[in-house]
Structures are given as structure tokens and as C-alpha cells.
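Trainee: Got a structure for you, questions after.
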Amino acid sequence: MEVYLANNINYLVSHQLQQFMMQETTYKYKTPVYCASLKVPTVNPVIWAPMSPSMRGQEVRHQCVLQLVAAAITAFGTMVKGTMINQTQKDMLALLCNAYFEVNCIRKIATRPTLNQ
């Protein structure tokens, strides 16, 4: 990895993007309709109502992270030309998809106590 790129990565992972920048960037990479698994689900109103304010805040943060990862996966998909991808690209896609999967699992585990009430 080039030093310039490493410096940019170090900066970006240690500083939160401004809200308008996140929105502008994610807006460019909307989930394709044929990729339904990347659509970030919203909480059913029946489940949302009994949630505590802190649980609701946590859910909103999980949704935000899922939207960012979904946008990253979509951006990756627009970057790839054709159906042939190299091993590094396969690894990158697998890591991004697994991050999406893990956050979604954490989200489901966090809302489970509300379902059991």
C-alpha cells in the first residue's frame, strides 16, 4: 500500500465524516433494486413503540452503519467492470458483505429483548 493512501486511510478511520458528506456520498450509491438483501430494513412500528429511547438511538445508529456499508458495497459493484474480479476484489467484497451481515446480526440481537416483552 502506498504511503499516501495509508495516510488517507489513517485519517479517515480516525475522523467521522460530516453528516452532509455521508449523506451526499451514500446518495450516489443507492442499493440496486435487484439486490434486495442490501436494503436496510426499518423497525416494525409495533416493535418500535415499546423500545426505550436508548434502544431507539442504538437502532438508528445500526441502520446508519448498515446504510454506509450497503453504499460501500454498491460503490464497489459500480467499480467492477464485467463479471471477472481478481482475488483482492473478491476478498474486499467478502469483507464488506460480512461486515454488513455482522452489524445486522448485532442489530437483531439488540432488538430481541423488546420482542420478548
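Residue names in the C-alpha cells use chain letters A, B, ... in the order shown, residue numbers from 1 in each chain, and ligand numbers from 1 in the order shown.
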Report as a PyMOL selection string all protein, DNA and RNA residues lying within 12 Å of segment 107-116 of chain A, evaluated on only C-alpha atoms, omitting residues in the same chain fewer than 6 positions from it.
Mentor: chain A and resi 40-52+54-66+100-101
Trainee: For C-alpha atoms, I'd like the residues from the last selection saved as a PDB file, in the first residue's frame.
Mentor:
```
ATOM      1  CA  VAL A  40     -31.604  -1.683   5.113  1.00  0.00           C
ATOM      2  CA  PRO A  41     -34.719  -2.824   6.961  1.00  0.00           C
ATOM      3  CA  THR A  42     -36.620  -0.460   9.203  1.00  0.00           C
ATOM      4  CA  VAL A  43     -38.129  -1.496  12.501  1.00  0.00           C
ATOM      5  CA  ASN A  44     -41.765  -2.504  12.520  1.00  0.00           C
ATOM      6  CA  PRO A  45     -43.834   0.180  14.347  1.00  0.00           C
ATOM      7  CA  VAL A  46     -45.209  -2.499  16.698  1.00  0.00           C
ATOM      8  CA  ILE A  47     -41.636  -3.266  17.801  1.00  0.00           C
ATOM      9  CA  TRP A  48     -40.516   0.392  17.751  1.00  0.00           C
ATOM     10  CA  ALA A  49     -43.242   1.605  20.137  1.00  0.00           C
ATOM     11  CA  PRO A  50     -42.120  -0.277  23.292  1.00  0.00           C
ATOM     12  CA  MET A  51     -38.414   0.419  22.692  1.00  0.00           C
ATOM     13  CA  SER A  52     -36.671   2.668  25.176  1.00  0.00           C
ATOM     14  CA  SER A  54     -31.642   4.455  24.226  1.00  0.00           C
ATOM     15  CA  MET A  55     -32.648   1.334  22.258  1.00  0.00           C
ATOM     16  CA  ARG A  56     -34.150   3.517  19.545  1.00  0.00           C
ATOM     17  CA  GLY A  57     -30.928   5.525  19.363  1.00  0.00           C
ATOM     18  CA  GLN A  58     -28.928   2.325  19.099  1.00  0.00           C
ATOM     19  CA  GLU A  59     -31.209   1.066  16.320  1.00  0.00           C
ATOM     20  CA  VAL A  60     -30.815   4.319  14.387  1.00  0.00           C
ATOM     21  CA  ARG A  61     -27.004   4.017  14.669  1.00  0.00           C
ATOM     22  CA  HIS A  62     -27.137   0.410  13.434  1.00  0.00           C
ATOM     23  CA  GLN A  63     -29.267   1.475  10.475  1.00  0.00           C
ATOM     24  CA  CYS A  64     -26.789   4.258   9.690  1.00  0.00           C
ATOM     25  CA  VAL A  65     -23.861   1.814   9.698  1.00  0.00           C
ATOM     26  CA  LEU A  66     -25.792  -0.626   7.509  1.00  0.00           C
ATOM     27  CA  TYR A 100     -22.980  -5.869   6.738  1.00  0.00           C
ATOM     28  CA  PHE A 101     -24.064  -9.316   7.945  1.00  0.00           C
TER      29      PHE A 101
END
```
Trainee: Restricting the calculation to only C-alpha atoms, which member of A:Ala99, A:Val3, A:Ile106, A:Cys35 is positioned closest to Gly77 of chain A?
Mentor: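 Between A:Ala99, A:Val3, A:Ile106, A:Cys35, the residue approaching Gly77 of chain A most closely is A:Cys35.
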Trainee: Give the answer as one residue: which of A:Thr31, A:Val103, A:Ala36, A:Met21 has the shortest atom-to-atom distance to Phe76 of chain A, using only C-alpha atoms?
Mentor: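 Closest to Phe76 of chain A, using only C-alpha atoms: A:Thr31.
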Trainee: Apply DSSP to the structure's backbone, then extract all residues of segment 17-110 of chain A labelled alpha helix (DSSP H) and return them as number ranges by chain.
Mentor: A: 19-28, 45-48, 53-79, 87-110
Trainee: Give me the residues near Leu93 of chain A as a list in words, where near means some atom within 12 Å (using only C-alpha atoms) and where sequence neighbours in that chain fewer than 6 positions away do not count.
Mentor: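 My list of contacting residues is Val69, Ala70, Ala72, Ile73, Thr74, Ala75, Phe76, Gly77, Met79, Val80, Ile85, Asn86, Gln87, Ala99 and Tyr100 of chain A.
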Trainee: What is the distance between atom CA of Pro32 of chain A and atom CA of Leu5 of chain A, in Å to one decimal?
Mentor: 28.8 Å
Trainee: Which neighbours of Lys30 of chain A fall inside 7 Å, counting only C-alpha atoms, when residues of the same chain fewer than 3 positions from it are skipped, and could you give them as a list of chain:residue names?
Mentor: A:Thr26, A:Tyr27, A:Ala71
Trainee: Could the residues in this selection be written to a file with all heavy atoms, as a CSV table (one decimal), in the first residue's frame?
Mentor:
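Result saved to out-v9.csv:
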```
chain,number,residue,atom,x,y,z
A,26,THR,N,-23.4,8.6,0.3
A,26,THR,CA,-24.3,7.4,0.2
A,26,THR,C,-25.4,7.6,-0.8
A,26,THR,O,-25.9,6.6,-1.4
A,26,THR,CB,-24.9,7.1,1.6
A,26,THR,OG1,-25.6,8.2,2.1
A,26,THR,CG2,-23.9,6.6,2.6
A,27,TYR,N,-25.9,8.8,-1.0
A,27,TYR,CA,-26.9,9.1,-2.0
A,27,TYR,C,-26.4,8.7,-3.4
A,27,TYR,O,-27.2,8.2,-4.2
A,27,TYR,CB,-27.3,10.6,-2.0
A,27,TYR,CG,-28.4,10.9,-2.9
A,27,TYR,CD1,-29.7,10.6,-2.6
A,27,TYR,CD2,-28.2,11.5,-4.2
A,27,TYR,CE1,-30.8,10.9,-3.5
A,27,TYR,CE2,-29.2,11.8,-5.0
A,27,TYR,CZ,-30.5,11.5,-4.7
A,27,TYR,OH,-31.5,11.8,-5.5
A,71,ALA,N,-23.8,1.2,0.9
A,71,ALA,CA,-23.3,2.1,-0.1
A,71,ALA,C,-21.9,1.7,-0.5
A,71,ALA,O,-21.6,1.8,-1.7
A,71,ALA,CB,-23.4,3.6,0.4
```
Trainee: Expressed in Å to a single decimal, how great is the separation between atom CA of Tyr29 of chain A and atom CA of Leu68 of chain A?
Mentor: 9.5 Å
Trainee: Could you tell me how far atom CA of Lys39 of chain A lies from atom CA of Asn104 of chain A, in Å and to one decimal?
Mentor: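 A separation of 11.2 Å between them.
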Trainee: Do a neighbour search on Gln23 of chain A at 10 Å with only C-alpha atoms, toss out local chain neighbours closer than 5 positions, and write the hits as a PDB file with N, CA and C atoms, in the first residue's frame.
Mentor:
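Written output follows (part17.pdb):
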```
ATOM      1  N   LEU A  17     -16.910  11.385   9.200  1.00  0.00           N
ATOM      2  CA  LEU A  17     -17.301  12.246   8.093  1.00  0.00           C
ATOM      3  C   LEU A  17     -18.412  13.178   8.557  1.00  0.00           C
ATOM      4  N   GLN A  18     -18.426  14.367   8.006  1.00  0.00           N
ATOM      5  CA  GLN A  18     -19.510  15.286   8.341  1.00  0.00           C
ATOM      6  C   GLN A  18     -20.812  14.707   7.788  1.00  0.00           C
ATOM      7  N   LYS A  28     -25.151   8.817  -3.712  1.00  0.00           N
ATOM      8  CA  LYS A  28     -24.622   8.452  -5.027  1.00  0.00           C
ATOM      9  C   LYS A  28     -24.683   6.951  -5.279  1.00  0.00           C
ATOM     10  N   GLN A  67     -26.450   1.359   6.251  1.00  0.00           N
ATOM     11  CA  GLN A  67     -26.576   2.165   5.042  1.00  0.00           C
ATOM     12  C   GLN A  67     -25.203   2.516   4.468  1.00  0.00           C
ATOM     13  N   LEU A  68     -24.251   2.826   5.346  1.00  0.00           N
ATOM     14  CA  LEU A  68     -22.900   3.136   4.882  1.00  0.00           C
ATOM     15  C   LEU A  68     -22.235   1.928   4.233  1.00  0.00           C
TER      16      LEU A  68
END
```
Trainee: Which one of A:Thr25, A:Asn7, A:Met1, A:Cys97 sits closest to Ser37 of chain A if you count only C-alpha atoms?
Mentor: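 Closest to Ser37 of chain A, using only C-alpha atoms: A:Cys97.
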